[in-house]
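Source file: start.txt. Holds: compact mmCIF, C-alpha atoms.
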# COMPACT_ATOMS: atom_id res chain seq x y z
CA MET T 1 0.00 0.00 0.00
CA LYS T 2 2.77 2.44 0.96
CA LEU T 3 4.63 1.68 -2.24
CA SER T 4 1.46 2.20 -4.30
CA ILE T 5 0.91 5.62 -2.73
CA ILE T 6 4.48 6.71 -3.45
CA VAL T 7 4.46 5.37 -7.01
CA GLY T 8 1.14 7.16 -7.52
CA LEU T 9 2.56 10.41 -6.15
CA ALA T 10 5.66 10.12 -8.34
CA LEU T 11 3.47 9.46 -11.39
CA VAL T 12 1.26 12.46 -10.60
CA LEU T 13 4.37 14.65 -10.41
CA LEU T 14 5.70 13.27 -13.69
CA ILE T 15 2.38 13.46 -15.55
CA SER T 16 1.66 16.99 -14.30
CA LEU T 17 4.99 17.98 -15.79
CA LEU T 18 4.03 16.57 -19.18
CA ILE T 19 0.60 18.22 -19.30
CA LYS T 20 1.78 21.55 -17.92
CA ARG T 21 0.18 24.06 -20.26
CA GLU T 22 2.44 27.03 -19.95
CA LYS T 23 5.77 26.50 -21.66
CA ARG T 24 8.09 28.37 -19.37
CA ASN T 25 11.71 28.48 -20.25
CA LEU T 26 12.61 24.84 -20.87
CA LEU T 27 16.34 25.55 -20.63
CA GLU T 28 15.91 26.93 -17.14
CA ASN T 29 13.77 23.96 -16.11
CA LEU T 30 16.34 21.46 -17.36
CA PHE T 31 19.06 23.34 -15.51
CA ILE T 32 17.08 23.27 -12.25
CA MET T 33 16.21 19.58 -12.60
CA MET T 34 19.84 18.57 -13.15
CA ILE T 35 21.11 20.68 -10.27
CA ALA T 36 18.36 19.35 -7.96
CA GLU T 37 19.08 15.72 -8.90
CA PHE T 38 22.80 16.18 -8.33
CA LEU T 39 22.36 17.94 -4.99
CA VAL T 40 19.69 15.61 -3.59
CA THR T 41 21.55 12.39 -4.44
CA GLY T 42 24.73 14.06 -3.16
CA TYR T 43 23.51 15.04 0.30
CA ILE T 44 21.53 11.83 0.78
CA GLY T 45 24.64 9.82 -0.14
CA VAL T 46 26.69 11.76 2.40
CA PHE T 47 24.03 11.34 5.11
CA TYR T 48 23.51 7.63 4.88
CA ILE T 49 26.89 6.43 3.66
CA ASN T 50 29.46 8.78 5.15
CA LEU T 51 27.91 10.25 8.26
CA GLU T 52 25.49 7.39 8.94
CA ILE T 53 23.01 9.79 10.51
CA TRP T 54 20.31 8.32 8.31
CA SER T 55 19.86 4.71 7.45
CA VAL T 56 17.51 3.27 4.90
CA ALA T 57 15.05 0.46 5.58
CA ASP T 58 16.15 -3.03 4.59
CA ARG T 59 12.73 -4.15 3.40
CA ILE T 60 12.69 -4.07 -0.37
CA ASP T 61 9.35 -2.21 -0.72
CA LEU T 62 10.53 0.51 1.67
CA PHE T 63 13.84 0.72 -0.16
CA ILE T 64 12.02 1.23 -3.48
CA ILE T 65 9.95 3.97 -1.81
CA PHE T 66 13.21 5.61 -0.77
CA ARG T 67 14.50 5.52 -4.33
CA PHE T 68 11.29 7.13 -5.61
CA TYR T 69 11.54 9.72 -2.85
CA GLU T 70 15.10 10.80 -3.62
CA VAL T 71 15.14 10.51 -7.42
CA ILE T 72 11.66 11.71 -8.35
CA ILE T 73 9.68 13.24 -5.52
CA VAL T 74 12.18 15.65 -3.94
CA PRO T 75 13.63 17.06 -7.21
CA PHE T 76 10.18 17.41 -8.76
CA ILE T 77 8.80 19.26 -5.76
CA TRP T 78 11.69 21.74 -6.17
CA PHE T 79 10.95 21.92 -9.85
CA TRP T 80 7.34 22.86 -9.12
CA TYR T 81 8.46 25.43 -6.58
CA VAL T 82 10.64 27.20 -9.14
CA ASN T 83 7.89 27.14 -11.74
CA LEU T 84 5.21 28.42 -9.36
CA LEU T 85 7.53 31.13 -8.09
CA GLN T 86 7.68 32.62 -11.58
CA ASN T 87 3.92 33.23 -11.47
CA VAL T 88 4.14 35.25 -8.27
CA GLU T 89 5.02 38.94 -8.41
CA ALA T 90 4.79 40.26 -4.84
CA LEU T 91 7.80 39.70 -2.59
CA GLY T 92 5.60 38.75 0.37
CA LEU T 93 3.92 36.02 -1.64
CA LYS T 94 7.29 34.75 -2.86
CA VAL T 95 8.49 34.44 0.74
CA LEU T 96 5.23 32.73 1.70
CA LEU T 97 5.53 30.29 -1.22
CA SER T 98 9.14 29.53 -0.24
CA CYS T 99 8.03 28.82 3.35
CA VAL T 100 5.22 26.56 2.09
CA PHE T 101 7.64 24.56 -0.07
CA VAL T 102 10.22 24.24 2.70
CA ALA T 103 7.36 22.95 4.88
CA ILE T 104 6.25 20.52 2.12
CA GLN T 105 9.78 19.15 1.64
CA SER T 106 10.31 18.85 5.38
CA GLY T 107 6.89 17.22 5.77
CA VAL T 108 7.58 14.65 3.04
CA GLU T 109 10.93 13.81 4.61
CA GLN T 110 9.34 13.41 8.05
CA TRP T 111 6.67 11.26 6.44
CA MET T 112 9.45 8.97 5.22
CA GLY T 113 10.60 8.86 8.84
CA VAL T 114 7.12 7.95 10.10
CA TRP T 115 6.88 5.14 7.54
CA LYS T 116 10.32 3.91 8.68
CA VAL T 117 11.72 4.34 5.17
CA ILE T 118 14.40 6.62 6.59
CA LEU T 119 15.62 5.65 10.05
CA TYR T 120 17.08 8.66 11.79
CA GLN T 121 20.12 8.02 13.98
CA ASP T 122 20.85 11.46 15.30
CA TRP T 123 18.67 13.81 13.38
CA GLN T 124 16.08 16.40 14.44
CA LEU T 125 13.27 18.20 12.65
CA TRP T 126 15.09 21.55 12.75
CA GLN T 127 17.97 19.98 10.81
CA THR T 128 15.53 18.88 8.12
CA VAL T 129 14.12 22.42 7.88
CA LEU T 130 17.64 23.89 7.77
CA LEU T 131 18.63 21.44 5.05
CA GLN T 132 15.63 22.37 2.92
CA ILE T 133 16.32 26.10 3.39
CA MET T 134 19.90 25.51 2.23
CA MET T 135 18.67 23.58 -0.80
CA LEU T 136 16.31 26.43 -1.60
CA LEU T 137 19.10 29.01 -1.34
CA ILE T 138 21.49 26.99 -3.54
CA LEU T 139 18.78 26.50 -6.17
CA HIS T 140 18.01 30.23 -6.10
CA MET T 141 21.68 31.14 -6.55
CA GLY T 142 22.06 28.66 -9.41
CA LEU T 143 18.91 29.91 -11.07
CA HIS T 144 19.94 33.54 -10.67
CA TRP T 145 23.29 32.80 -12.32
CA TYR T 146 21.74 30.84 -15.18
CA ARG T 147 19.10 33.53 -15.78
CA SER T 148 21.82 36.17 -16.01
CA ILE T 149 23.43 34.09 -18.79
CA LEU T 150 20.10 33.73 -20.59
CA ARG T 151 19.52 37.48 -20.29
CA LYS T 152 22.92 38.19 -21.85
CA GLU T 153 21.91 35.96 -24.75
CA GLY T 154 18.67 37.86 -25.18
CA ILE T 155 16.37 35.28 -23.61
CA TRP T 156 14.07 35.98 -20.65
CA MET D 1 31.72 15.12 5.41
CA LEU D 2 33.68 14.33 2.23
CA PRO D 3 36.88 12.61 3.33
CA LEU D 4 40.20 13.24 1.60
CA PRO D 5 42.11 10.24 0.22
CA GLN D 6 44.23 8.49 2.84
CA LYS D 7 46.98 7.93 0.28
CA PHE D 8 47.43 10.16 -2.75
CA ASP D 9 48.34 7.44 -5.24
CA LEU D 10 47.75 6.22 -8.78
CA ASN D 11 43.98 6.72 -8.96
CA GLU D 12 44.07 10.31 -7.69
CA TRP D 13 46.90 11.26 -10.08
CA CYS D 14 45.25 9.50 -12.98
CA LEU D 15 41.96 11.28 -12.30
CA LEU D 16 43.57 14.71 -12.04
CA ILE D 17 45.57 14.21 -15.26
CA CYS D 18 42.45 13.03 -17.13
CA ILE D 19 40.44 16.03 -15.90
CA ILE D 20 43.18 18.48 -16.92
CA LEU D 21 43.51 16.84 -20.36
CA ALA D 22 39.77 16.75 -20.96
CA PHE D 23 39.26 20.39 -19.98
CA THR D 24 42.30 21.47 -22.02
CA ILE D 25 40.68 19.93 -25.11
CA PHE D 26 37.35 21.49 -24.14
CA PHE D 27 38.84 25.00 -23.96
CA TRP D 28 41.00 24.42 -27.04
CA LEU D 29 38.05 23.48 -29.28
CA PRO D 30 36.38 26.42 -31.03
CA LYS D 31 33.18 27.53 -29.32
CA ARG D 32 30.18 26.09 -31.09
CA TYR D 33 27.20 26.73 -28.83
CA PRO D 34 25.82 29.61 -26.77
CA PHE D 35 27.04 29.50 -23.17
CA SER D 36 23.57 28.58 -21.83
CA ILE D 37 23.51 25.44 -24.01
CA THR D 38 27.14 24.60 -23.24
CA ILE D 39 26.29 24.60 -19.52
CA LEU D 40 23.41 22.17 -20.05
CA LEU D 41 25.58 19.88 -22.17
CA LEU D 42 28.30 19.96 -19.51
CA LEU D 43 25.77 19.26 -16.75
CA PHE D 44 24.14 16.32 -18.51
CA GLY D 45 27.06 13.90 -18.07
CA PRO D 46 27.76 14.52 -14.37
CA THR D 47 24.05 14.42 -13.46
CA VAL D 48 23.41 11.10 -15.21
CA ALA D 49 26.66 9.66 -13.81
CA ARG D 50 25.73 10.81 -10.31
CA LEU D 51 22.30 9.20 -10.60
CA MET D 52 23.74 5.95 -11.96
CA ASP D 53 26.44 5.77 -9.29
CA HIS D 54 23.93 6.56 -6.59
CA LEU D 55 21.53 3.87 -7.79
CA LEU D 56 24.06 1.18 -8.72
CA ALA D 57 27.09 1.66 -6.51
CA PHE D 58 25.58 2.33 -3.09
CA ALA D 59 23.42 0.47 -0.61
CA LYS D 60 21.54 -2.62 -1.86
CA LEU D 61 23.04 -2.74 -5.36
CA ASP D 62 26.67 -2.33 -4.42
CA LEU D 63 28.02 -3.22 -7.86
CA TYR D 64 31.15 -1.09 -7.85
CA ASN D 65 33.14 1.39 -5.81
CA LEU D 66 34.58 4.69 -6.87
CA MET D 67 38.15 5.55 -5.85
CA ASP D 68 39.41 4.15 -2.54
CA GLY D 69 36.35 2.79 -0.81
CA PRO D 70 32.61 2.58 -0.35
CA LYS D 71 32.34 6.02 1.24
CA PHE D 72 31.49 9.07 -0.80
CA GLU D 73 34.77 11.01 -0.78
CA LEU D 74 36.01 14.28 -2.25
CA PHE D 75 37.67 12.61 -5.21
CA ASP D 76 34.42 10.80 -6.03
CA LEU D 77 33.05 14.27 -6.61
CA PHE D 78 35.98 15.05 -8.93
CA THR D 79 35.15 12.02 -11.08
CA TYR D 80 31.95 13.81 -12.09
CA LEU D 81 34.04 16.65 -13.47
CA LEU D 82 35.42 14.15 -15.95
CA TYR D 83 31.97 13.35 -17.35
CA ALA D 84 31.25 17.00 -18.14
CA PRO D 85 33.64 17.48 -21.10
CA PHE D 86 32.90 14.01 -22.47
CA SER D 87 29.16 14.65 -22.65
CA TYR D 88 30.05 17.91 -24.43
CA PHE D 89 32.48 16.21 -26.89
CA PHE D 90 29.83 13.65 -27.81
CA ILE D 91 27.46 16.36 -29.04
CA TYR D 92 30.22 18.62 -30.36
CA PHE D 93 31.62 16.08 -32.81
CA TYR D 94 28.18 14.78 -33.70
CA ASP D 95 27.25 18.29 -34.72
CA ARG D 96 30.55 19.23 -36.30
CA TRP D 97 30.76 16.12 -38.50
CA ASN D 98 27.09 16.56 -39.39
CA ILE D 99 26.25 12.93 -38.74
CA ARG D 100 22.92 11.85 -40.18
CA GLY D 101 20.89 8.71 -40.95
CA TYR D 102 22.32 5.30 -40.06
CA TRP D 103 25.66 6.92 -39.32
CA ILE D 104 24.09 8.12 -36.06
CA VAL D 105 23.93 4.51 -34.85
CA VAL D 106 27.54 3.93 -35.94
CA TYR D 107 28.59 7.14 -34.17
CA ILE D 108 26.83 6.15 -30.92
CA LEU D 109 28.35 2.65 -31.16
CA LEU D 110 31.84 4.10 -31.64
CA PHE D 111 31.46 6.64 -28.87
CA SER D 112 30.05 3.99 -26.50
CA SER D 113 33.00 1.73 -27.31
CA GLY D 114 35.33 4.67 -26.66
CA GLY D 115 33.56 5.32 -23.36
CA ALA D 116 33.88 1.67 -22.33
CA PHE D 117 37.57 1.66 -23.33
CA PHE D 118 38.18 4.83 -21.32
CA GLU D 119 36.38 3.26 -18.35
CA TRP D 120 38.69 0.24 -18.68
CA ILE D 121 41.68 2.64 -18.37
CA LEU D 122 40.07 4.16 -15.28
CA LYS D 123 39.54 0.66 -13.89
CA VAL D 124 43.22 -0.15 -14.46
CA CYS D 125 44.04 3.06 -12.57
CA HIS D 126 41.78 1.86 -9.68
CA ILE D 127 39.30 4.69 -10.11
CA PHE D 128 36.58 2.05 -10.50
CA LEU D 129 36.57 -1.10 -8.42
CA TYR D 130 34.07 -3.57 -9.84
CA LYS D 131 32.15 -5.81 -7.43
CA GLY D 132 29.84 -7.65 -9.80
CA TRP D 133 29.85 -5.05 -12.54
CA ILE D 134 31.38 -5.86 -15.93
CA LEU D 135 32.59 -3.59 -18.71
CA GLY D 136 29.92 -4.94 -21.06
CA TYR D 137 27.23 -3.40 -18.86
CA SER D 138 29.03 -0.07 -19.12
CA PHE D 139 28.92 -0.25 -22.91
CA ASN D 140 25.15 -0.80 -22.79
CA VAL D 141 24.67 2.00 -20.29
CA TYR D 142 26.73 4.37 -22.47
CA PHE D 143 24.73 3.35 -25.51
CA VAL D 144 21.40 4.17 -23.84
CA ILE D 145 22.63 7.37 -22.21
CA GLN D 146 24.22 8.71 -25.39
CA THR D 147 20.99 8.09 -27.28
CA VAL D 148 19.12 9.98 -24.57
CA GLU D 149 21.72 12.73 -24.74
CA LEU D 150 21.07 13.21 -28.45
CA LEU D 151 17.35 13.61 -27.74
CA PHE D 152 18.25 15.99 -24.92
CA TYR D 153 20.40 18.03 -27.30
CA TYR D 154 17.66 18.31 -29.92
CA THR D 155 15.15 19.35 -27.23
CA VAL D 156 17.52 22.01 -25.90
CA ARG D 157 18.39 23.28 -29.38
CA ARG D 158 14.74 23.53 -30.42
CA ALA D 159 13.87 25.36 -27.18
CA TYR D 160 16.77 27.76 -27.61
CA MET D 161 15.86 28.54 -31.20
CA SER D 162 12.20 29.13 -30.37
CA LEU D 163 13.16 31.43 -27.51
CA THR D 164 15.63 33.47 -29.55
CA ILE D 165 13.23 33.80 -32.50
CA LYS D 166 10.63 35.27 -30.11
Take the structure in the file and write it out as structure tokens.
Amino acid sequence: MKLSIIVGLALVLLISLLIKREKRNLLENLFIMMIAEFLVTGYIGVFYINLEIWSVADRIDLFIIFRFYEVIIVPFIWFWYVNLLQNVEALGLKVLLSCVFVAIQSGVEQWMGVWKVILYQDWQLWQTVLLQIMMLLILHMGLHWYRSILRKEGIW
Amino acid sequence: MLPLPQKFDLNEWCLLICIILAFTIFFWLPKRYPFSITILLLLFGPTVARLMDHLLAFAKLDLYNLMDGPKFELFDLFTYLLYAPFSYFFIYFYDRWNIRGYWIVVYILLFSSGGAFFEWILKVCHIFLYKGWILGYSFNVYFVIQTVELLFYYTVRRAYMSLTIK
């Protein structure tokens, strides 16, 4: 059942990407997706292999859930954040949207903890929130840099 | 968080020399694409390699190790630098030699063989330590990924052209 829910969620994220009506800058979206994939697999690798502050469930269904979580769900949630942010003009709303997405990412990660997909060794909720804020900042910096290049080339 | 190598030996030297050589060729080649596309082509290789390593070399499917051990170390990160120019070269020469029709398959086959041969050199230099993986799998993986990269390139090029025409 858990696996079905996660596969369903991953499929919803993937399908919503395909049927997304507005064609925002594809180059920017590809850039964000690649950076997000690299960063997410990077920090998760460090956490559960090097630092051993996370461990991943041994049960095969839970392990597959973990793979869906790290490779599809987390990067795609960031992808949606970046795309929704472009539709918001007011600074206050942008900050609010950022807070909502940090909460969503933290919530999904905690959900993995509740389902015993991720077994925390020495890890608190505030660290999750901090991690997501850092991810958000790095993605913003990367995006800002890439947009400046696109602007120089007359795009955007 | 990312440990340094305990002994700076053959694999570290080999990796650094390969990175320097690859980036020298990259900078030496005449520029062919706008910078925004070059960045995406350079990012494609490391991202796919990172995903593959993460899925195949860690945890349950521990099919190979990178560098000195199972832990994710600083020089593992450097190996991804090596994929960046190669993913660029693949598209660069494809474009420059204007490969079309069935020659595309031949080109992908040759480049995949080249990739597998280069991986064999890296294996000899102990950058890869196989634990159930074989070079034949690498060839197949390169073949699939390079085909995907071509599709990626056409998608990026079409998007760029439509955006600049606007």
Place a sphere of radius 10 Å on (11.4, 25.0, -9.6) in the file coordinates and name every protein, DNA or RNA residue with an atom inside or on its surface, counting all atoms listed in the file; give the answer as a PyMOL selection string. chain T and resi 28-33+36+75-86+136+139-140+143
Hey, which bits of chain D sit within 12 Å of chain T, and for each residue what's the closest pair of atoms and how far apart in Å (one decimal), counting all atoms listed in the file, rows by chain and increasing number, as a Markdown table?
| residue | atom | partner | partner_atom | distance |
| --- | --- | --- | --- | --- |
| D:Met1 | CA | T:Asn50 | CA | 6.7 |
| D:Leu2 | CA | T:Val46 | CA | 7.4 |
| D:Pro3 | CA | T:Asn50 | CA | 8.5 |
| D:Tyr33 | CA | T:Glu153 | CA | 11.4 |
| D:Pro34 | CA | T:Glu153 | CA | 7.7 |
| D:Phe35 | CA | T:Ile149 | CA | 7.3 |
| D:Ser36 | CA | T:Ile149 | CA | 6.3 |
| D:Ile37 | CA | T:Leu27 | CA | 7.9 |
| D:Thr38 | CA | T:Ile149 | CA | 11.1 |
| D:Ile39 | CA | T:Phe31 | CA | 8.4 |
| D:Leu40 | CA | T:Phe31 | CA | 6.4 |
| D:Leu41 | CA | T:Phe31 | CA | 9.9 |
| D:Leu42 | CA | T:Phe31 | CA | 10.6 |
| D:Leu43 | CA | T:Met34 | CA | 7.0 |
| D:Phe44 | CA | T:Met34 | CA | 7.2 |
| D:Gly45 | CA | T:Met34 | CA | 9.9 |
| D:Pro46 | CA | T:Phe38 | CA | 8.0 |
| D:Thr47 | CA | T:Phe38 | CA | 5.6 |
| D:Val48 | CA | T:Met34 | CA | 8.5 |
| D:Ala49 | CA | T:Phe38 | CA | 9.4 |
| D:Arg50 | CA | T:Phe38 | CA | 6.4 |
| D:Leu51 | CA | T:Thr41 | CA | 7.0 |
| D:Met52 | CA | T:Thr41 | CA | 10.1 |
| D:Asp53 | CA | T:Thr41 | CA | 9.6 |
| D:His54 | CA | T:Thr41 | CA | 6.7 |
| D:Leu55 | CA | T:Arg67 | CA | 8.0 |
| D:Leu56 | CA | T:Arg67 | CA | 11.4 |
| D:Ala57 | CA | T:Gly45 | CA | 10.6 |
| D:Phe58 | CA | T:Ile49 | CA | 8.0 |
| D:Ala59 | CA | T:Ile49 | CA | 8.1 |
| D:Lys60 | CA | T:Asp58 | CA | 8.4 |
| D:Leu61 | CA | T:Phe63 | CA | 11.1 |
| D:Asp62 | CA | T:Ile49 | CA | 11.9 |
| D:Gly69 | CA | T:Asn50 | CA | 10.9 |
| D:Pro70 | CA | T:Ile49 | CA | 8.0 |
| D:Lys71 | CA | T:Asn50 | CA | 5.6 |
| D:Phe72 | CA | T:Asn50 | CA | 6.3 |
| D:Glu73 | CA | T:Asn50 | CA | 8.3 |
| D:Leu74 | CA | T:Val46 | CA | 10.7 |
| D:Asp76 | CA | T:Gly42 | CA | 10.6 |
| D:Leu77 | CA | T:Gly42 | CA | 9.0 |
| D:Tyr80 | CA | T:Phe38 | CA | 10.2 |
| D:Phe152 | CA | T:Leu30 | CA | 9.5 |
| D:Tyr153 | CA | T:Leu27 | CA | 10.8 |
| D:Tyr154 | CA | T:Leu27 | CA | 11.9 |
| D:Thr155 | CA | T:Leu26 | CA | 8.8 |
| D:Val156 | CA | T:Leu27 | CA | 6.5 |
| D:Arg157 | CA | T:Leu27 | CA | 9.3 |
| D:Arg158 | CA | T:Leu26 | CA | 9.9 |
| D:Ala159 | CA | T:Leu26 | CA | 6.5 |
| D:Tyr160 | CA | T:Leu27 | CA | 7.3 |
| D:Met161 | CA | T:Ile155 | CA | 10.2 |
| D:Ser162 | CA | T:Ile155 | CA | 10.0 |
| D:Leu163 | CA | T:Ile155 | CA | 6.4 |
| D:Thr164 | CA | T:Ile155 | CA | 6.3 |
| D:Ile165 | CA | T:Ile155 | CA | 9.5 |
| D:Lys166 | CA | T:Ile155 | CA | 8.7 |
State, in Å with one decimal place, the distance from atom CA of D:Thr24 to atom CA of D:Asn98. 23.6 Å
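For the pair atom CA of D:Val141 and atom CA of T:Val7, the interatomic distance is 24.4 Å.
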Distance criterion (all atoms listed in the file): nearest to D:Ala84 out of D:Leu4, D:Met67, D:Ala22, D:Leu15: D:Ala22
